[in-house]
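Student: This structure is in structure tokens; I'll ask about it shortly.
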Amino acid sequence: MGIFGKVFKLNIGKMKKECDIDGLSKALGHSDPMVRQRATSAFEELINEWTSILGDKKIDVWPRRAAVIELLRRVSSKAKTNETLTKILRDLAVKPLIETLDDIEELPYGSRMLLLPGICQTLETVGDPRAIEPLRKVSKALEADERRMIKKTIERIQKR
């Protein structure tokens, strides 16, 4: 650890409180294993907190669910180059995202188009085959452009 490493400690707690996805993802690659572990724990806690909102079935919660999906999409964009983050998403976010798909067809088209890209990107990045059948099932009830997006997501998951 250099001189600055001793003077400037990473404040993982502050990063977590501020949902600093960039800072936390950088901390996952830190040379200090304790920093990496604390960053991993922070991501796990955040994703658990966020995905609990996805399970709320009240219709007026959809804007909050949309915000969570956007946060998960942002995390998934960092996970493309970070296996730890991919594993966290696979373990904690895939199932709640799949369950969200069950309710998505009830929403108006415009609302679905705000949510589906984030869901598809996150599921695609994680590459979990558990998502394929639920994606196929929901696509049957959606519009053509939504079906195309889902089809591309399924193809990309299958290639992983």
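Residue numbering restarts at 1 in every chain; chains get A, B, ... in the order shown in the structure tokens, and ligands count up from 1 in that same order.
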List the spatial neighbours of segment 111-125 of chain A as a PyMOL selection string - criterion: any atom at most 10 Å away, only C-alpha atoms, same-chain residues fewer than 2 positions off excluded.

Tutor: chain A and resi 62-63+65-81+86+89-90+93-95+97-98+100-101+104-109+127-132+135+142+145-146+149-160

Student: Using only C-alpha atoms, pick whichever of A:Thr51, A:Lys58, A:Asp91, A:Gly23 has the shortest atom-to-atom distance to Arg36 of chain A.

Tutor: A:Gly23

Student: Which residue, A:Leu10, A:Ile21, A:Met15, A:Ile53, has the smallest gap to Met34 of chain A when you use only C-alpha atoms?

Tutor: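 Looking only at the distances to Met34 of chain A, the closest residue turns out to be A:Leu10.
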
Student: Out of A:Ser139, A:Ser41, A:Ser52, A:Ser31, which residue has the shortest atom-to-atom distance to Lys16 of chain A when counting only C-alpha atoms?

Tutor: A:Ser41

Student: When you look at Asp102 of chain A with a cut-off of 9 Å (counting only C-alpha atoms), what residues show up, excluding the ones that are within fewer than 5 positions of it in the same chain? I need them as a list in words.

Tutor: Pro134, Lys137 and Val138 of chain A

Student: Please write the residues from the selection above to a file, keeping C-alpha atoms, as an mmCIF file, in the first residue's frame.

Tutor:
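The result, written out as again_7.cif:
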```cif
data_model
loop_
_atom_site.group_PDB
_atom_site.id
_atom_site.type_symbol
_atom_site.label_atom_id
_atom_site.label_comp_id
_atom_site.auth_asym_id
_atom_site.auth_seq_id
_atom_site.Cartn_x
_atom_site.Cartn_y
_atom_site.Cartn_z
ATOM 1 C CA PRO A 134 -40.040 -16.915 -18.536
ATOM 2 C CA LYS A 137 -43.654 -16.994 -21.985
ATOM 3 C CA VAL A 138 -44.094 -13.244 -21.445
#
```

Student: From a backbone DSSP assignment, name each residue in segment 9-160 of chain A labelled helix (DSSP H, G or I), as JSON, numbers by chain.

Tutor: {"A": [12, 13, 14, 15, 16, 17, 21, 22, 23, 24, 25, 26, 27, 33, 34, 35, 36, 37, 38, 39, 40, 41, 42, 43, 44, 45, 46, 47, 48, 49, 50, 51, 52, 53, 54, 59, 60, 61, 62, 63, 64, 65, 66, 67, 68, 69, 70, 71, 72, 73, 74, 75, 76, 77, 78, 79, 83, 84, 85, 86, 87, 88, 89, 90, 91, 92, 94, 95, 96, 97, 98, 99, 100, 101, 102, 103, 104, 109, 110, 111, 112, 113, 114, 115, 116, 117, 118, 119, 120, 121, 122, 123, 124, 125, 126, 129, 130, 131, 132, 133, 134, 135, 136, 137, 138, 139, 144, 145, 146, 147, 148, 149, 150, 151, 152, 153, 154, 155, 156, 157, 158, 159]}

Student: Rounded to one decimal place, report the atom CA of Ile12 of chain A-atom CA of Arg38 of chain A distance in Å.

Tutor: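 Value for the atom CA of Ile12 of chain A-atom CA of Arg38 of chain A distance: 6.8 Å.
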
Student: Report the distance between atom CA of Ala27 of chain A and atom CA of Asn11 of chain A in Å, rounded to one decimal place.

Tutor: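 Separation of atom CA of Ala27 of chain A and atom CA of Asn11 of chain A: 9.8 Å.
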
Student: How many Å lie between atom CA of His30 of chain A and atom CA of Asn82 of chain A, rounded to one decimal?

Tutor: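 For atom CA of His30 of chain A relative to atom CA of Asn82 of chain A, the distance reads 12.2 Å.
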